[in-house]
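First the structure, in the form of structure tokens, and then the observations on it.
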Amino acid sequence: FFFIDTATTEIYTEQIVGSVRCVQETGINAEYMGTVDVSLILYAEHEFNASTFAARTTVSTQADIYSGIVTAIGTLKGNLHGGANEAVMEFLGNIKSVGEAYTRMDEVFKNKEKMMGFGHRVYKKQDPRSPIIKQYSYQLSKTEYGNPRLYAVSEAVEKRMIEEKKIYPNLDFYSASAYHQCGIPTYPVSYTHLRAHETGRNLVCRLLLEKKNTF
């Protein structure tokens, strides 16, 4: 995991990006900073999702807030919640071209495989956060250190899912290609670490308020 140094003049996002990036040759530039900064805002805890429910359940037993946050982070690790963008990157990383993406999606539909990064419990049609992070992924793909093939493959997968299943991507889908183009690995750190930072900050405030009003 990584820690935030409150004594430094570096801003919050810069410390996070510098801690988790595995590609250091290009340094931490404005594109990386902007992408991660926006993603943390988009991933801010909202609605009554799995990690929020788990944390509030833990604290409702009069356990301390630290235990509530640990519970939430454990929930985030699962592919059906916080780990979805890592599962997306694992899927996309095995596809080498747009043509191969179409062939792979045929297999997905035939075998009725579950696609991570699509659909949302609250947003029944389109997750309004998805087009925002998609734009950042696209902008990164146009830079000299971007990955246009990965972005094109992502678009091909999105197109097939909408055409065949009428299911739209959620925030996790394009955050996978965006984080990858920022040089952020899925191992030994993970995309979940990034989300845990933002979710954790929001949950601390929520749990403090809940304890104040309940106990």
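Quick note on naming: the chains in the structure tokens go A, B, ... in the order shown, residues restart at 1 in each chain, and ligands are numbered from 1 in order of appearance.
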Give me the residues within 10 Å of stretch 199-213 of chain A as a list in words, counting only C-alpha atoms and dropping any in the same chain fewer than 3 places off.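 Residues meeting the cut-off are Leu40, Ile41, Tyr43, Ala44, Glu45, His46, Ser51, Thr52, Ala55, Arg56, Val59, Ser60, Gln62, Asp64, Ile65, Tyr66, Gly68, Ile69, Val70, Ala72, Ile73, Leu76, Gly82, His193, Leu194, Arg195 and Ala196 of chain A.
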Proximity check stretch 82-129 of chain A to stretch 133-136 of chain A, 12 Å, nearest pairs one decimal Å, only C-alpha atoms, as JSON lines:
{"residue": "A:Asp127", "atom": "CA", "partner": "A:Ile133", "partner_atom": "CA", "distance": 10.8}
{"residue": "A:Pro128", "atom": "CA", "partner": "A:Ile133", "partner_atom": "CA", "distance": 9.8}
{"residue": "A:Arg129", "atom": "CA", "partner": "A:Ile133", "partner_atom": "CA", "distance": 6.7}
Distance in Å - atom CA of A:Asn94 versus atom CA of A:Gln126: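 Atom CA of A:Asn94 sits 25.9 Å away from atom CA of A:Gln126.
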Please run DSSP on the backbone and report, as an mmCIF file with C-alpha atoms, in the first residue's frame, all residues within stretch 1-188 of chain A that come out as helix (DSSP H, G or I).
data_model
loop_
_atom_site.group_PDB
_atom_site.id
_atom_site.type_symbol
_atom_site.label_atom_id
_atom_site.label_comp_id
_atom_site.auth_asym_id
_atom_site.auth_seq_id
_atom_site.Cartn_x
_atom_site.Cartn_y
_atom_site.Cartn_z
ATOM 1 C CA TYR A 12 -2.495 14.549 -2.905
ATOM 2 C CA THR A 13 -2.917 13.152 -6.405
ATOM 3 C CA GLU A 14 0.742 13.658 -7.303
ATOM 4 C CA GLN A 15 1.827 11.556 -4.348
ATOM 5 C CA ILE A 16 -0.563 8.769 -5.306
ATOM 6 C CA VAL A 17 0.487 8.709 -8.966
ATOM 7 C CA GLY A 18 4.163 8.807 -8.031
ATOM 8 C CA SER A 19 3.715 5.913 -5.613
ATOM 9 C CA VAL A 20 1.919 3.473 -7.902
ATOM 10 C CA ALA A 30 -0.226 16.740 -16.454
ATOM 11 C CA GLU A 31 -2.113 14.035 -18.368
ATOM 12 C CA TYR A 32 -1.454 11.428 -15.684
ATOM 13 C CA MET A 33 -2.342 13.852 -12.909
ATOM 14 C CA GLY A 34 -5.533 15.015 -14.578
ATOM 15 C CA THR A 35 -6.720 11.479 -15.327
ATOM 16 C CA VAL A 36 -6.189 10.140 -11.814
ATOM 17 C CA ASP A 37 -7.548 13.303 -10.209
ATOM 18 C CA VAL A 38 -10.785 13.085 -12.209
ATOM 19 C CA SER A 39 -11.100 9.348 -11.586
ATOM 20 C CA LEU A 40 -10.857 9.873 -7.828
ATOM 21 C CA ILE A 41 -13.652 12.426 -8.011
ATOM 22 C CA LEU A 42 -15.790 10.079 -10.100
ATOM 23 C CA ALA A 50 -21.448 -2.748 -1.264
ATOM 24 C CA SER A 51 -18.484 -1.137 0.508
ATOM 25 C CA THR A 52 -20.678 1.550 2.083
ATOM 26 C CA PHE A 53 -23.150 -1.080 3.289
ATOM 27 C CA ALA A 54 -20.354 -3.260 4.687
ATOM 28 C CA ALA A 55 -18.685 -0.373 6.525
ATOM 29 C CA ARG A 56 -21.944 0.888 8.019
ATOM 30 C CA THR A 57 -22.896 -2.618 9.111
ATOM 31 C CA THR A 58 -19.562 -3.013 10.897
ATOM 32 C CA VAL A 59 -19.788 0.351 12.648
ATOM 33 C CA SER A 60 -23.427 -0.300 13.614
ATOM 34 C CA ILE A 65 -14.224 3.383 12.395
ATOM 35 C CA TYR A 66 -10.915 1.698 11.559
ATOM 36 C CA SER A 67 -12.724 -1.657 11.476
ATOM 37 C CA GLY A 68 -15.434 -0.175 9.263
ATOM 38 C CA ILE A 69 -12.866 1.065 6.736
ATOM 39 C CA VAL A 70 -11.055 -2.285 6.712
ATOM 40 C CA THR A 71 -14.382 -4.001 6.005
ATOM 41 C CA ALA A 72 -15.075 -1.597 3.132
ATOM 42 C CA ILE A 73 -11.631 -2.155 1.594
ATOM 43 C CA GLY A 74 -12.130 -5.928 1.764
ATOM 44 C CA THR A 75 -15.408 -5.499 -0.114
ATOM 45 C CA LEU A 76 -13.732 -3.306 -2.730
ATOM 46 C CA ALA A 84 -13.989 -4.701 -11.678
ATOM 47 C CA ASN A 85 -11.585 -2.375 -13.503
ATOM 48 C CA GLU A 86 -8.720 -4.808 -12.888
ATOM 49 C CA ALA A 87 -10.822 -7.624 -14.360
ATOM 50 C CA VAL A 88 -11.526 -5.389 -17.369
ATOM 51 C CA MET A 89 -7.803 -4.763 -17.888
ATOM 52 C CA GLU A 90 -7.065 -8.478 -17.669
ATOM 53 C CA PHE A 91 -9.689 -9.101 -20.357
ATOM 54 C CA LEU A 92 -8.537 -6.296 -22.659
ATOM 55 C CA GLY A 93 -4.865 -7.099 -22.182
ATOM 56 C CA VAL A 98 -10.010 -4.737 -33.050
ATOM 57 C CA GLY A 99 -10.681 -7.789 -35.219
ATOM 58 C CA GLU A 100 -9.663 -10.072 -32.390
ATOM 59 C CA ALA A 101 -11.932 -8.083 -30.072
ATOM 60 C CA TYR A 102 -14.951 -8.867 -32.253
ATOM 61 C CA THR A 103 -14.027 -12.554 -32.333
ATOM 62 C CA ARG A 104 -13.524 -12.624 -28.566
ATOM 63 C CA MET A 105 -16.892 -10.966 -27.984
ATOM 64 C CA ASP A 106 -18.555 -13.609 -30.150
ATOM 65 C CA GLU A 107 -17.143 -16.158 -27.710
ATOM 66 C CA VAL A 108 -18.375 -14.110 -24.752
ATOM 67 C CA PHE A 109 -21.934 -14.095 -26.078
ATOM 68 C CA LYS A 110 -21.842 -17.750 -27.113
ATOM 69 C CA ASN A 111 -20.522 -18.924 -23.740
ATOM 70 C CA SER A 130 -18.324 6.683 -18.078
ATOM 71 C CA PRO A 131 -18.124 9.225 -20.949
ATOM 72 C CA ILE A 132 -15.948 11.442 -18.767
ATOM 73 C CA ILE A 133 -13.276 8.843 -18.029
ATOM 74 C CA LYS A 134 -13.574 7.578 -21.618
ATOM 75 C CA GLN A 135 -12.537 11.006 -22.880
ATOM 76 C CA TYR A 136 -9.465 10.945 -20.648
ATOM 77 C CA SER A 137 -8.544 7.480 -21.924
ATOM 78 C CA TYR A 138 -8.920 8.750 -25.492
ATOM 79 C CA GLN A 139 -6.737 11.798 -24.821
ATOM 80 C CA LEU A 140 -4.029 9.578 -23.340
ATOM 81 C CA SER A 141 -4.174 7.291 -26.388
ATOM 82 C CA PRO A 148 -4.148 3.631 -29.201
ATOM 83 C CA ARG A 149 -4.587 -0.114 -29.767
ATOM 84 C CA LEU A 150 -5.916 -0.590 -26.233
ATOM 85 C CA TYR A 151 -8.351 2.294 -26.644
ATOM 86 C CA ALA A 152 -9.558 0.983 -30.014
ATOM 87 C CA VAL A 153 -10.078 -2.486 -28.565
ATOM 88 C CA SER A 154 -12.033 -0.952 -25.667
ATOM 89 C CA GLU A 155 -14.303 0.889 -28.094
ATOM 90 C CA ALA A 156 -14.873 -2.294 -30.102
ATOM 91 C CA VAL A 157 -15.901 -4.201 -26.963
ATOM 92 C CA GLU A 158 -18.200 -1.357 -25.904
ATOM 93 C CA LYS A 159 -19.824 -1.275 -29.350
ATOM 94 C CA ARG A 160 -20.528 -5.012 -29.345
ATOM 95 C CA MET A 161 -22.008 -4.943 -25.836
ATOM 96 C CA ILE A 162 -24.368 -2.099 -26.748
ATOM 97 C CA GLU A 163 -25.360 -3.665 -30.082
ATOM 98 C CA GLU A 164 -25.886 -7.183 -28.762
ATOM 99 C CA LYS A 165 -26.992 -6.678 -25.164
ATOM 100 C CA LEU A 171 -17.033 3.871 -14.753
ATOM 101 C CA ASP A 172 -14.863 0.775 -14.306
ATOM 102 C CA PHE A 173 -14.621 -0.062 -18.012
ATOM 103 C CA TYR A 174 -12.684 2.916 -19.365
ATOM 104 C CA SER A 175 -10.870 3.563 -16.099
ATOM 105 C CA ALA A 176 -9.002 0.323 -16.863
ATOM 106 C CA SER A 177 -7.453 1.629 -20.097
ATOM 107 C CA ALA A 178 -6.966 5.081 -18.577
ATOM 108 C CA TYR A 179 -5.008 3.762 -15.588
ATOM 109 C CA HIS A 180 -2.994 1.419 -17.793
ATOM 110 C CA GLN A 181 -1.935 4.310 -20.035
#
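Taking atom CA of A:Tyr191 and atom CA of A:Gly83 as endpoints, the distance between them is 7.4 Å.
A straight line drawn from atom CA of A:Lys166 to atom CA of A:Gly117 is 13.7 Å long.
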